[in-house]
Amino acid sequence: MSRTLITGGTIVTAADTYAADVLIDGEKIAQIGTGLQAGGAKKIDASGKLVIPGGIDVHTHMELPFGGTFASDDFETGTRAAAFGGTTTIVDFAVQAMGGTLAAARDEWMRKADGKAVVDYGLHMIVRDVSDKILREMDTLVREGVSSFKLFMAYPGVFMVDDGAIFKALVRTGENGGLICMHAENGGVIDVLVKKALAEKKTAPKWHALTRPPEAEGEATGRAFRLAEMAGGVPLYIVHLSAAQALEQVRLFRDRGLPAYAETCPQYLFLSYDNYEEPGFAGAKYVMSPPLREKWHQEELWKGLQRNDLQVVSTDHCPFCMKEGFQGQPKQKELGRGDFSKIPNGAPGVETRMALMFDGGVVAGRITASRWIELCSTTPAKIMGMFPRKGTIAVGSDADIVIWDPKATQTLSAKTHHMRVDYNPYEGRKVKGKAVTVLSRGEVIVEKDRFVGKKGRGKFIKRGSPILQT
């Protein structure tokens, strides 16, 4: 088995920052210490750089069917882009077909990833039909390593399930050790607002945001936690939280000692409603759900990250091209010209998350380097049942390691990113910090701005129950 010795760097974990060398034997971290010697090992000089656990993005949508098209990144292009950005594990969402089984959806997504993924991946299950049969199948999937299930309080007729179904699913995960991940927006109210706007000929992209008010997210978030409380105080994880009103509900339930958890995403920390006012159809770039909020929400979300009311930063990576034909892609965002409700929901982000959070968080003095790792790697691994195999630099852990240059600068742009999409939401933004060498299970897959890994080398990760802390 091959051995690699990383020398001269500063290791950053969620708990510590210290100078040490790392010896990798095969796929695992074998030794950590100063002055390590390893005859015959490949050497990587990390002098002046940070040695961090690979990023873990627990919210991606590769090749997701949506609104008559598919997300433009598949498991090959999306995971390669993730690697360039310093992310070495993703958790994607498999979608249950209406009337179909969870196992069939899991198997379909495994086929999508098999032979394509270049980093390791796990799967969540999007559940659209909470029957007794499906509840029993949830037990089986937890045992087989798919231990989290996404439910929607939005998208009536497509994904939305009612409160009774949510309650039954929460009771079940309380019994089988799984975790419910909730898309919390009041879909019924939003549906009324969308129909009203369209009837009034309000069709521009900005109306996507104006018909999904932050109060709809706050109401649904509070209701979701009350259902979890009625189900016996079971854990509940809110995905892509965007609004102060929703954060207030997370804080309320956490302050009461309940297992309430939530993630936010870089787009809600660095972009705002103002982007929807860009001229012409450009606002469609930012059509996602929940939508971007007014700028004042950003500071509240940063406070949530600082106080641990928000525990994870993921991306909700779900790209759709603006122009038909980019790298063979069909019409995507343009499907919504003249009707904002037909714009596919989603934006790219899997490649830019680590740099944005380092620059806007650590460099800007909002969070420490250890908190950066905690939010982007360690806590995601814990909540999603992968720790300590993933999410830390420790003897016995997978050698998913990123050599991070804290002094390097880069300009985020569609001209240079590796995501298969023809725009970048942060176009022209200069950031400090960059992944210069990326190892996945001991194998160098990105080096000197080149991908040197192999298509299909990524492994499916069987996940356990969440490791939770209130």
# chains A, B, ... in the order shown; residues from 1 in each chain; ligands from 1

call {"tool": "residues_around", "arguments": {"residues": "Ile467 (chain A)", "least_positions_apart": "5", "cutoff": "7 Å", "atoms": "only C-alpha atoms", "output": "MDAnalysis selection string"}}
result
chainID A and resid 382:383 385

call {"tool": "write_last_selection", "arguments": {"atoms": "all heavy atoms", "output": "mmCIF file, in the first residue's frame"}}
result
data_model
loop_
_atom_site.group_PDB
_atom_site.id
_atom_site.type_symbol
_atom_site.label_atom_id
_atom_site.label_comp_id
_atom_site.auth_asym_id
_atom_site.auth_seq_id
_atom_site.Cartn_x
_atom_site.Cartn_y
_atom_site.Cartn_z
ATOM 1 N N LYS A 382 -20.642 14.487 11.797
ATOM 2 C CA LYS A 382 -21.288 13.967 13.007
ATOM 3 C C LYS A 382 -22.801 13.839 12.818
ATOM 4 O O LYS A 382 -23.388 12.776 13.095
ATOM 5 C CB LYS A 382 -20.977 14.890 14.191
ATOM 6 C CG LYS A 382 -19.549 14.804 14.691
ATOM 7 C CD LYS A 382 -19.314 15.738 15.870
ATOM 8 C CE LYS A 382 -17.901 15.573 16.427
ATOM 9 N NZ LYS A 382 -17.645 16.481 17.578
ATOM 10 N N ILE A 383 -23.432 14.901 12.363
ATOM 11 C CA ILE A 383 -24.899 14.877 12.244
ATOM 12 C C ILE A 383 -25.346 13.846 11.210
ATOM 13 O O ILE A 383 -26.406 13.219 11.366
ATOM 14 C CB ILE A 383 -25.433 16.280 11.906
ATOM 15 C CG1 ILE A 383 -25.259 17.212 13.123
ATOM 16 C CG2 ILE A 383 -26.910 16.239 11.498
ATOM 17 C CD1 ILE A 383 -25.763 18.627 12.901
ATOM 18 N N GLY A 385 -23.792 11.012 10.474
ATOM 19 C CA GLY A 385 -23.400 9.644 10.777
ATOM 20 C C GLY A 385 -22.153 9.136 10.084
ATOM 21 O O GLY A 385 -22.056 7.949 9.768
#

call {"tool": "select_by_dssp", "arguments": {"residues": "region 257-457 of chain A", "states": "strand (DSSP E)", "output": "VMD selection string"}}
result
chain A and resid 260 to 264 312 to 313 401 to 411 430 to 440 443 to 447 450 to 451

call {"tool": "write_last_selection", "arguments": {"atoms": "C-alpha atoms", "output": "PDB file, in the first residue's frame"}}
result
ATOM      1  CA  ALA A 260     -33.045  21.155  17.005  1.00  0.00           C
ATOM      2  CA  TYR A 261     -30.478  21.529  14.202  1.00  0.00           C
ATOM      3  CA  ALA A 262     -30.139  23.592  11.045  1.00  0.00           C
ATOM      4  CA  GLU A 263     -27.833  24.388   8.169  1.00  0.00           C
ATOM      5  CA  THR A 264     -27.471  27.536   6.126  1.00  0.00           C
ATOM      6  CA  VAL A 312     -23.626  23.367   9.372  1.00  0.00           C
ATOM      7  CA  VAL A 313     -22.870  25.230   6.147  1.00  0.00           C
ATOM      8  CA  ILE A 401      -6.997  15.867   3.592  1.00  0.00           C
ATOM      9  CA  VAL A 402      -6.742  19.284   1.965  1.00  0.00           C
ATOM     10  CA  ILE A 403      -3.597  21.400   1.847  1.00  0.00           C
ATOM     11  CA  TRP A 404      -5.038  24.916   2.089  1.00  0.00           C
ATOM     12  CA  ASP A 405      -3.047  28.014   1.188  1.00  0.00           C
ATOM     13  CA  PRO A 406      -4.411  30.795   3.405  1.00  0.00           C
ATOM     14  CA  LYS A 407      -2.495  33.488   1.504  1.00  0.00           C
ATOM     15  CA  ALA A 408      -3.460  32.530  -2.036  1.00  0.00           C
ATOM     16  CA  THR A 409      -6.127  34.617  -3.723  1.00  0.00           C
ATOM     17  CA  GLN A 410      -8.560  33.621  -6.420  1.00  0.00           C
ATOM     18  CA  THR A 411     -11.337  35.277  -8.383  1.00  0.00           C
ATOM     19  CA  LYS A 430     -11.969  37.965  -5.041  1.00  0.00           C
ATOM     20  CA  VAL A 431     -11.410  35.622  -2.115  1.00  0.00           C
ATOM     21  CA  LYS A 432      -8.407  34.749  -0.010  1.00  0.00           C
ATOM     22  CA  GLY A 433      -7.648  31.072   0.557  1.00  0.00           C
ATOM     23  CA  LYS A 434      -7.474  28.126  -1.815  1.00  0.00           C
ATOM     24  CA  ALA A 435      -7.221  24.333  -1.863  1.00  0.00           C
ATOM     25  CA  VAL A 436      -3.861  23.597  -3.516  1.00  0.00           C
ATOM     26  CA  THR A 437      -3.612  19.838  -2.942  1.00  0.00           C
ATOM     27  CA  VAL A 438      -6.564  17.535  -2.266  1.00  0.00           C
ATOM     28  CA  LEU A 439      -6.351  13.937  -1.096  1.00  0.00           C
ATOM     29  CA  SER A 440      -9.282  11.541  -0.956  1.00  0.00           C
ATOM     30  CA  GLU A 443      -4.925   9.505  -3.069  1.00  0.00           C
ATOM     31  CA  VAL A 444      -3.999  12.904  -4.473  1.00  0.00           C
ATOM     32  CA  ILE A 445      -6.849  13.913  -6.777  1.00  0.00           C
ATOM     33  CA  VAL A 446      -6.180  17.651  -7.227  1.00  0.00           C
ATOM     34  CA  GLU A 447      -2.688  19.098  -7.502  1.00  0.00           C
ATOM     35  CA  ARG A 450      -5.087  19.951 -12.181  1.00  0.00           C
ATOM     36  CA  PHE A 451      -7.414  17.020 -11.606  1.00  0.00           C
TER      37      PHE A 451
END

call {"tool": "residues_around", "arguments": {"residues": "Pro156 (chain A)", "least_positions_apart": "2", "cutoff": "10 Å", "atoms": "only C-alpha atoms", "output": "list in words"}}
result
Phe152, Met153, Ala154, Val158, Phe159, Met160, Val161, Asp162, Asn186, Gly187, Gly188, Ile190 and Asp191 of chain A

call {"tool": "write_last_selection", "arguments": {"atoms": "C-alpha atoms", "output": "short mmCIF file (atom, residue, chain, number, x, y, z; two decimals), in the first residue's frame"}}
result
data_model
loop_
_atom_site.label_atom_id
_atom_site.label_comp_id
_atom_site.auth_asym_id
_atom_site.auth_seq_id
_atom_site.Cartn_x
_atom_site.Cartn_y
_atom_site.Cartn_z
CA PHE A 152 -41.05 18.91 2.15
CA MET A 153 -43.54 21.39 3.58
CA ALA A 154 -43.49 23.15 0.17
CA VAL A 158 -44.91 17.58 -6.24
CA PHE A 159 -43.05 17.04 -2.95
CA MET A 160 -45.21 18.47 -0.16
CA VAL A 161 -46.52 16.13 2.54
CA ASP A 162 -49.03 17.00 5.26
CA ASN A 186 -45.46 27.04 4.08
CA GLY A 187 -46.25 25.63 0.65
CA GLY A 188 -49.99 26.27 0.78
CA ILE A 190 -46.82 30.28 -1.16
CA ASP A 191 -49.03 28.59 -3.77
#

call {"tool": "closest_residue", "arguments": {"among": "A:Cys265, A:Ile461, A:Ala97, A:Met1", "to": "Gly40 (chain A)", "atoms": "only C-alpha atoms"}}
result
A:Met1

call {"tool": "atom_distance", "arguments": {"atom1": "CA of Gly338 (chain A)", "atom2": "CA of Leu64 (chain A)"}}
result
23.4 Å

call {"tool": "atom_distance", "arguments": {"atom1": "CA of Gln96 (chain A)", "atom2": "CA of Lys168 (chain A)"}}
result
17.2 Å

call {"tool": "residues_around", "arguments": {"residues": "region 243-255 of chain A", "least_positions_apart": "3", "cutoff": "6 Å", "atoms": "only C-alpha atoms", "output": "ChimeraX atom specification"}}
result
/A:214,217-218,221-222,258,260,297,309

call {"tool": "select_by_dssp", "arguments": {"residues": "region 130-263 of chain A", "states": "alpha helix (DSSP H)", "output": "JSON, numbers by chain"}}
result
{"A": [132, 133, 134, 135, 136, 137, 138, 139, 140, 141, 142, 143, 163, 164, 165, 166, 167, 168, 169, 170, 171, 172, 173, 174, 175, 176, 187, 188, 189, 190, 191, 192, 193, 194, 195, 196, 197, 198, 199, 206, 207, 208, 209, 210, 214, 215, 216, 217, 218, 219, 220, 221, 222, 223, 224, 225, 226, 227, 228, 229, 230, 244, 245, 246, 247, 248, 249, 250, 251, 252, 253, 254, 255]}

call {"tool": "write_last_selection", "arguments": {"atoms": "C-alpha atoms", "output": "PDB file, in the first residue's frame"}}
result
ATOM      1  CA  ASP A 132     -47.033   2.219   6.407  1.00  0.00           C
ATOM      2  CA  LYS A 133     -45.012   0.288   3.827  1.00  0.00           C
ATOM      3  CA  ILE A 134     -42.630   3.214   3.360  1.00  0.00           C
ATOM      4  CA  LEU A 135     -42.265   3.656   7.119  1.00  0.00           C
ATOM      5  CA  ARG A 136     -41.133   0.035   7.380  1.00  0.00           C
ATOM      6  CA  GLU A 137     -38.765   0.561   4.473  1.00  0.00           C
ATOM      7  CA  MET A 138     -37.209   3.513   6.309  1.00  0.00           C
ATOM      8  CA  ASP A 139     -36.119   1.044   9.004  1.00  0.00           C
ATOM      9  CA  THR A 140     -34.386  -1.089   6.375  1.00  0.00           C
ATOM     10  CA  LEU A 141     -32.606   1.846   4.756  1.00  0.00           C
ATOM     11  CA  VAL A 142     -31.255   3.053   8.105  1.00  0.00           C
ATOM     12  CA  ARG A 143     -29.718  -0.382   8.630  1.00  0.00           C
ATOM     13  CA  ASP A 163     -48.445  17.397   8.980  1.00  0.00           C
ATOM     14  CA  GLY A 164     -49.786  13.928   9.751  1.00  0.00           C
ATOM     15  CA  ALA A 165     -47.260  12.345   7.404  1.00  0.00           C
ATOM     16  CA  ILE A 166     -44.458  14.441   8.908  1.00  0.00           C
ATOM     17  CA  PHE A 167     -45.478  13.387  12.401  1.00  0.00           C
ATOM     18  CA  LYS A 168     -45.512   9.681  11.472  1.00  0.00           C
ATOM     19  CA  ALA A 169     -42.076   9.941   9.877  1.00  0.00           C
ATOM     20  CA  LEU A 170     -40.657  11.756  12.917  1.00  0.00           C
ATOM     21  CA  VAL A 171     -42.009   9.081  15.255  1.00  0.00           C
ATOM     22  CA  ARG A 172     -40.389   6.444  13.042  1.00  0.00           C
ATOM     23  CA  THR A 173     -36.938   8.032  13.015  1.00  0.00           C
ATOM     24  CA  GLY A 174     -37.216   8.380  16.774  1.00  0.00           C
ATOM     25  CA  GLU A 175     -37.489   4.587  16.840  1.00  0.00           C
ATOM     26  CA  ASN A 176     -35.001   3.562  14.117  1.00  0.00           C
ATOM     27  CA  GLY A 187     -46.250  25.628   0.648  1.00  0.00           C
ATOM     28  CA  GLY A 188     -49.986  26.266   0.781  1.00  0.00           C
ATOM     29  CA  VAL A 189     -49.600  29.985   1.414  1.00  0.00           C
ATOM     30  CA  ILE A 190     -46.818  30.279  -1.164  1.00  0.00           C
ATOM     31  CA  ASP A 191     -49.033  28.593  -3.765  1.00  0.00           C
ATOM     32  CA  VAL A 192     -51.750  31.206  -3.200  1.00  0.00           C
ATOM     33  CA  LEU A 193     -49.228  34.058  -3.484  1.00  0.00           C
ATOM     34  CA  VAL A 194     -47.733  32.640  -6.694  1.00  0.00           C
ATOM     35  CA  LYS A 195     -51.129  32.313  -8.368  1.00  0.00           C
ATOM     36  CA  LYS A 196     -52.054  35.857  -7.318  1.00  0.00           C
ATOM     37  CA  ALA A 197     -48.830  37.309  -8.721  1.00  0.00           C
ATOM     38  CA  LEU A 198     -49.221  35.506 -12.045  1.00  0.00           C
ATOM     39  CA  ALA A 199     -52.860  36.631 -12.308  1.00  0.00           C
ATOM     40  CA  LYS A 206     -37.901  38.705  -8.503  1.00  0.00           C
ATOM     41  CA  TRP A 207     -41.463  37.514  -7.913  1.00  0.00           C
ATOM     42  CA  HIS A 208     -40.104  34.114  -6.994  1.00  0.00           C
ATOM     43  CA  ALA A 209     -38.717  35.782  -3.865  1.00  0.00           C
ATOM     44  CA  LEU A 210     -41.650  38.097  -3.297  1.00  0.00           C
ATOM     45  CA  PRO A 214     -39.494  34.912   5.169  1.00  0.00           C
ATOM     46  CA  GLU A 215     -42.574  34.597   7.389  1.00  0.00           C
ATOM     47  CA  ALA A 216     -43.563  31.473   5.411  1.00  0.00           C
ATOM     48  CA  GLU A 217     -40.213  29.930   6.309  1.00  0.00           C
ATOM     49  CA  GLY A 218     -40.439  31.006   9.936  1.00  0.00           C
ATOM     50  CA  GLU A 219     -43.956  29.609  10.360  1.00  0.00           C
ATOM     51  CA  ALA A 220     -43.072  26.253   8.806  1.00  0.00           C
ATOM     52  CA  THR A 221     -39.858  25.947  10.826  1.00  0.00           C
ATOM     53  CA  GLY A 222     -41.698  26.520  14.094  1.00  0.00           C
ATOM     54  CA  ARG A 223     -44.430  24.072  13.103  1.00  0.00           C
ATOM     55  CA  ALA A 224     -41.869  21.427  12.157  1.00  0.00           C
ATOM     56  CA  PHE A 225     -40.172  21.663  15.543  1.00  0.00           C
ATOM     57  CA  ARG A 226     -43.489  21.467  17.369  1.00  0.00           C
ATOM     58  CA  LEU A 227     -44.296  18.285  15.440  1.00  0.00           C
ATOM     59  CA  ALA A 228     -40.889  16.895  16.439  1.00  0.00           C
ATOM     60  CA  GLU A 229     -41.624  17.804  20.040  1.00  0.00           C
ATOM     61  CA  MET A 230     -45.000  16.037  19.905  1.00  0.00           C
ATOM     62  CA  ALA A 244     -34.022  35.387  10.577  1.00  0.00           C
ATOM     63  CA  GLN A 245     -37.620  34.343  11.279  1.00  0.00           C
ATOM     64  CA  ALA A 246     -36.672  30.679  10.835  1.00  0.00           C
ATOM     65  CA  LEU A 247     -33.474  31.066  12.853  1.00  0.00           C
ATOM     66  CA  GLU A 248     -35.541  32.501  15.700  1.00  0.00           C
ATOM     67  CA  GLN A 249     -37.490  29.239  15.844  1.00  0.00           C
ATOM     68  CA  VAL A 250     -34.323  27.124  15.864  1.00  0.00           C
ATOM     69  CA  ARG A 251     -32.968  29.190  18.732  1.00  0.00           C
ATOM     70  CA  LEU A 252     -36.241  28.946  20.637  1.00  0.00           C
ATOM     71  CA  PHE A 253     -36.268  25.161  20.587  1.00  0.00           C
ATOM     72  CA  ARG A 254     -32.526  24.766  21.181  1.00  0.00           C
ATOM     73  CA  ASP A 255     -32.758  27.065  24.212  1.00  0.00           C
TER      74      ASP A 255
END

call {"tool": "atom_distance", "arguments": {"atom1": "CA of Glu324 (chain A)", "atom2": "CA of Gly428 (chain A)"}}
result
22.8 Å

call {"tool": "closest_residue", "arguments": {"among": "A:Asp316, A:Thr69, A:Ala103, A:Ala355", "to": "Gly336 (chain A)", "atoms": "only C-alpha atoms"}}
result
A:Thr69

call {"tool": "residues_around", "arguments": {"residues": "Ala15 (chain A)", "least_positions_apart": "5", "cutoff": "9 Å", "atoms": "only C-alpha atoms", "output": "ChimeraX atom specification"}}
result
/A:370-371,374

call {"tool": "residues_around", "arguments": {"residues": "Cys321 (chain A)", "least_positions_apart": "4", "cutoff": "7 Å", "atoms": "only C-alpha atoms", "output": "ChimeraX atom specification"}}
result
/A:72,332-333,421-422

call {"tool": "write_last_selection", "arguments": {"atoms": "all heavy atoms", "output": "PDB file, in the first residue's frame"}}
result
ATOM      1  N   SER A  72     -27.603  20.490 -14.055  1.00  0.00           N
ATOM      2  CA  SER A  72     -26.609  20.348 -15.125  1.00  0.00           C
ATOM      3  C   SER A  72     -25.358  19.580 -14.712  1.00  0.00           C
ATOM      4  O   SER A  72     -24.639  19.063 -15.564  1.00  0.00           O
ATOM      5  CB  SER A  72     -26.219  21.725 -15.665  1.00  0.00           C
ATOM      6  OG  SER A  72     -25.797  22.586 -14.622  1.00  0.00           O
ATOM      7  N   GLN A 332     -32.875  25.505 -19.746  1.00  0.00           N
ATOM      8  CA  GLN A 332     -33.043  25.299 -18.305  1.00  0.00           C
ATOM      9  C   GLN A 332     -33.657  26.540 -17.650  1.00  0.00           C
ATOM     10  O   GLN A 332     -34.872  26.669 -17.587  1.00  0.00           O
ATOM     11  CB  GLN A 332     -31.705  24.886 -17.686  1.00  0.00           C
ATOM     12  CG  GLN A 332     -31.243  23.532 -18.213  1.00  0.00           C
ATOM     13  CD  GLN A 332     -30.082  22.912 -17.486  1.00  0.00           C
ATOM     14  OE1 GLN A 332     -29.091  23.556 -17.172  1.00  0.00           O
ATOM     15  NE2 GLN A 332     -30.190  21.629 -17.213  1.00  0.00           N
ATOM     16  N   LYS A 333     -32.860  27.486 -17.176  1.00  0.00           N
ATOM     17  CA  LYS A 333     -33.445  28.676 -16.552  1.00  0.00           C
ATOM     18  C   LYS A 333     -34.400  29.394 -17.512  1.00  0.00           C
ATOM     19  O   LYS A 333     -35.403  29.967 -17.093  1.00  0.00           O
ATOM     20  CB  LYS A 333     -32.344  29.648 -16.099  1.00  0.00           C
ATOM     21  CG  LYS A 333     -31.502  29.167 -14.916  1.00  0.00           C
ATOM     22  CD  LYS A 333     -32.249  29.251 -13.595  1.00  0.00           C
ATOM     23  CE  LYS A 333     -31.339  28.965 -12.413  1.00  0.00           C
ATOM     24  NZ  LYS A 333     -32.041  29.034 -11.110  1.00  0.00           N
ATOM     25  N   VAL A 421     -21.854  24.615 -15.467  1.00  0.00           N
ATOM     26  CA  VAL A 421     -22.914  25.620 -15.518  1.00  0.00           C
ATOM     27  C   VAL A 421     -22.292  26.907 -16.048  1.00  0.00           C
ATOM     28  O   VAL A 421     -21.105  27.166 -15.830  1.00  0.00           O
ATOM     29  CB  VAL A 421     -23.558  25.813 -14.121  1.00  0.00           C
ATOM     30  CG1 VAL A 421     -22.553  26.350 -13.110  1.00  0.00           C
ATOM     31  CG2 VAL A 421     -24.800  26.682 -14.180  1.00  0.00           C
ATOM     32  N   ASP A 422     -23.086  27.696 -16.760  1.00  0.00           N
ATOM     33  CA  ASP A 422     -22.537  28.831 -17.514  1.00  0.00           C
ATOM     34  C   ASP A 422     -22.564  30.153 -16.764  1.00  0.00           C
ATOM     35  O   ASP A 422     -22.445  31.215 -17.372  1.00  0.00           O
ATOM     36  CB  ASP A 422     -23.266  28.966 -18.856  1.00  0.00           C
ATOM     37  CG  ASP A 422     -24.766  29.166 -18.706  1.00  0.00           C
ATOM     38  OD1 ASP A 422     -25.283  29.113 -17.566  1.00  0.00           O
ATOM     39  OD2 ASP A 422     -25.443  29.375 -19.743  1.00  0.00           O
TER      40      ASP A 422
END

call {"tool": "residues_around", "arguments": {"residues": "Thr368 (chain A)", "least_positions_apart": "4", "cutoff": "12 Å", "atoms": "only C-alpha atoms", "output": "tab-separated table (two decimals) with N, CA and C atoms, in the first residue's frame"}}
result
chain	number	residue	atom	x	y	z
A	12	VAL	N	-5.42	22.02	11.23
A	12	VAL	CA	-6.59	22.68	11.81
A	12	VAL	C	-7.72	21.67	11.87
A	13	THR	N	-8.21	21.40	13.07
A	13	THR	CA	-9.41	20.60	13.25
A	13	THR	C	-10.46	21.45	13.95
A	14	ALA	N	-11.60	20.87	14.20
A	14	ALA	CA	-12.65	21.60	14.91
A	14	ALA	C	-12.26	21.93	16.34
A	15	ALA	N	-11.27	21.20	16.86
A	15	ALA	CA	-10.89	21.37	18.26
A	15	ALA	C	-9.55	22.04	18.47
A	16	ASP	N	-8.62	21.88	17.49
A	16	ASP	CA	-7.24	22.31	17.72
A	16	ASP	C	-6.62	22.92	16.48
A	17	THR	N	-5.57	23.71	16.71
A	17	THR	CA	-4.69	24.19	15.65
A	17	THR	C	-3.26	23.98	16.14
A	305	LEU	N	-24.36	31.31	13.27
A	305	LEU	CA	-23.19	30.46	13.12
A	305	LEU	C	-22.23	30.63	14.30
A	306	GLN	N	-22.08	31.87	14.75
A	306	GLN	CA	-21.17	32.14	15.87
A	306	GLN	C	-21.68	31.53	17.18
A	357	MET	N	-16.38	30.62	2.73
A	357	MET	CA	-16.48	30.60	4.19
A	357	MET	C	-15.14	30.94	4.85
A	358	PHE	N	-14.02	30.59	4.20
A	358	PHE	CA	-12.73	30.99	4.75
A	358	PHE	C	-12.54	32.50	4.62
A	359	ASP	N	-12.81	33.01	3.42
A	359	ASP	CA	-12.61	34.44	3.18
A	359	ASP	C	-13.61	35.30	3.96
A	360	GLY	N	-14.89	34.98	3.83
A	360	GLY	CA	-15.93	35.79	4.47
A	360	GLY	C	-16.10	35.52	5.94
A	361	GLY	N	-15.59	34.36	6.39
A	361	GLY	CA	-15.70	34.00	7.80
A	361	GLY	C	-14.41	34.18	8.57
A	362	VAL	N	-13.36	33.42	8.18
A	362	VAL	CA	-12.11	33.43	8.93
A	362	VAL	C	-11.33	34.73	8.67
A	363	VAL	N	-11.09	35.05	7.39
A	363	VAL	CA	-10.31	36.25	7.07
A	363	VAL	C	-11.02	37.50	7.56
A	364	ALA	N	-12.35	37.51	7.47
A	364	ALA	CA	-13.12	38.67	7.89
A	364	ALA	C	-13.26	38.78	9.41
A	372	TRP	N	-14.59	27.24	11.23
A	372	TRP	CA	-14.74	26.99	9.79
A	372	TRP	C	-14.76	25.49	9.52
A	373	ILE	N	-13.81	24.77	10.09
A	373	ILE	CA	-13.75	23.32	9.89
A	373	ILE	C	-14.94	22.63	10.55
A	374	GLU	N	-15.32	23.12	11.73
A	374	GLU	CA	-16.46	22.54	12.43
A	374	GLU	C	-17.73	22.65	11.58
A	375	LEU	N	-17.95	23.81	10.98
A	375	LEU	CA	-19.17	24.06	10.19
A	375	LEU	C	-19.17	23.32	8.85

call {"tool": "decode", "arguments": {"residues": "region 268-286 of chain A", "atoms": "N, CA and C atoms", "output": "PDB file, in the first residue's frame"}}
result
ATOM      1  N   TYR A 268     -26.949  32.551   1.212  1.00  0.00           N
ATOM      2  CA  TYR A 268     -27.729  33.360   2.154  1.00  0.00           C
ATOM      3  C   TYR A 268     -26.840  34.253   3.015  1.00  0.00           C
ATOM      4  N   LEU A 269     -25.534  33.981   2.993  1.00  0.00           N
ATOM      5  CA  LEU A 269     -24.579  34.786   3.750  1.00  0.00           C
ATOM      6  C   LEU A 269     -23.937  35.875   2.900  1.00  0.00           C
ATOM      7  N   PHE A 270     -23.888  35.675   1.566  1.00  0.00           N
ATOM      8  CA  PHE A 270     -23.141  36.591   0.705  1.00  0.00           C
ATOM      9  C   PHE A 270     -23.973  37.221  -0.403  1.00  0.00           C
ATOM     10  N   LEU A 271     -25.154  36.725  -0.676  1.00  0.00           N
ATOM     11  CA  LEU A 271     -26.034  37.301  -1.697  1.00  0.00           C
ATOM     12  C   LEU A 271     -27.320  37.767  -1.024  1.00  0.00           C
ATOM     13  N   SER A 272     -28.124  38.534  -1.747  1.00  0.00           N
ATOM     14  CA  SER A 272     -29.342  39.074  -1.140  1.00  0.00           C
ATOM     15  C   SER A 272     -30.419  39.301  -2.196  1.00  0.00           C
ATOM     16  N   TYR A 273     -31.566  39.754  -1.738  1.00  0.00           N
ATOM     17  CA  TYR A 273     -32.676  40.055  -2.644  1.00  0.00           C
ATOM     18  C   TYR A 273     -32.242  41.010  -3.757  1.00  0.00           C
ATOM     19  N   ASP A 274     -31.284  41.876  -3.482  1.00  0.00           N
ATOM     20  CA  ASP A 274     -30.834  42.853  -4.492  1.00  0.00           C
ATOM     21  C   ASP A 274     -30.429  42.172  -5.787  1.00  0.00           C
ATOM     22  N   ASN A 275     -29.935  40.939  -5.707  1.00  0.00           N
ATOM     23  CA  ASN A 275     -29.529  40.232  -6.925  1.00  0.00           C
ATOM     24  C   ASN A 275     -30.696  39.974  -7.870  1.00  0.00           C
ATOM     25  N   TYR A 276     -31.901  39.858  -7.320  1.00  0.00           N
ATOM     26  CA  TYR A 276     -33.063  39.640  -8.185  1.00  0.00           C
ATOM     27  C   TYR A 276     -33.384  40.874  -9.025  1.00  0.00           C
ATOM     28  N   GLU A 277     -32.873  42.014  -8.623  1.00  0.00           N
ATOM     29  CA  GLU A 277     -33.136  43.257  -9.337  1.00  0.00           C
ATOM     30  C   GLU A 277     -32.133  43.501 -10.459  1.00  0.00           C
ATOM     31  N   GLU A 278     -31.236  42.541 -10.709  1.00  0.00           N
ATOM     32  CA  GLU A 278     -30.321  42.693 -11.836  1.00  0.00           C
ATOM     33  C   GLU A 278     -31.128  42.771 -13.132  1.00  0.00           C
ATOM     34  N   PRO A 279     -30.632  43.510 -14.133  1.00  0.00           N
ATOM     35  CA  PRO A 279     -31.449  43.793 -15.320  1.00  0.00           C
ATOM     36  C   PRO A 279     -31.830  42.567 -16.129  1.00  0.00           C
ATOM     37  N   GLY A 280     -32.934  42.725 -16.872  1.00  0.00           N
ATOM     38  CA  GLY A 280     -33.384  41.659 -17.749  1.00  0.00           C
ATOM     39  C   GLY A 280     -33.767  40.410 -16.994  1.00  0.00           C
ATOM     40  N   PHE A 281     -33.313  39.280 -17.501  1.00  0.00           N
ATOM     41  CA  PHE A 281     -33.649  37.978 -16.926  1.00  0.00           C
ATOM     42  C   PHE A 281     -32.551  37.478 -15.985  1.00  0.00           C
ATOM     43  N   ALA A 282     -31.557  38.337 -15.694  1.00  0.00           N
ATOM     44  CA  ALA A 282     -30.396  37.907 -14.908  1.00  0.00           C
ATOM     45  C   ALA A 282     -30.779  37.446 -13.506  1.00  0.00           C
ATOM     46  N   GLY A 283     -31.879  37.954 -12.962  1.00  0.00           N
ATOM     47  CA  GLY A 283     -32.323  37.535 -11.634  1.00  0.00           C
ATOM     48  C   GLY A 283     -32.621  36.052 -11.548  1.00  0.00           C
ATOM     49  N   ALA A 284     -32.837  35.401 -12.705  1.00  0.00           N
ATOM     50  CA  ALA A 284     -33.123  33.962 -12.711  1.00  0.00           C
ATOM     51  C   ALA A 284     -31.949  33.143 -12.188  1.00  0.00           C
ATOM     52  N   LYS A 285     -30.738  33.705 -12.255  1.00  0.00           N
ATOM     53  CA  LYS A 285     -29.566  33.002 -11.723  1.00  0.00           C
ATOM     54  C   LYS A 285     -29.765  32.638 -10.254  1.00  0.00           C
ATOM     55  N   TYR A 286     -30.542  33.450  -9.542  1.00  0.00           N
ATOM     56  CA  TYR A 286     -30.642  33.340  -8.087  1.00  0.00           C
ATOM     57  C   TYR A 286     -31.983  32.754  -7.634  1.00  0.00           C
TER      58      TYR A 286
END
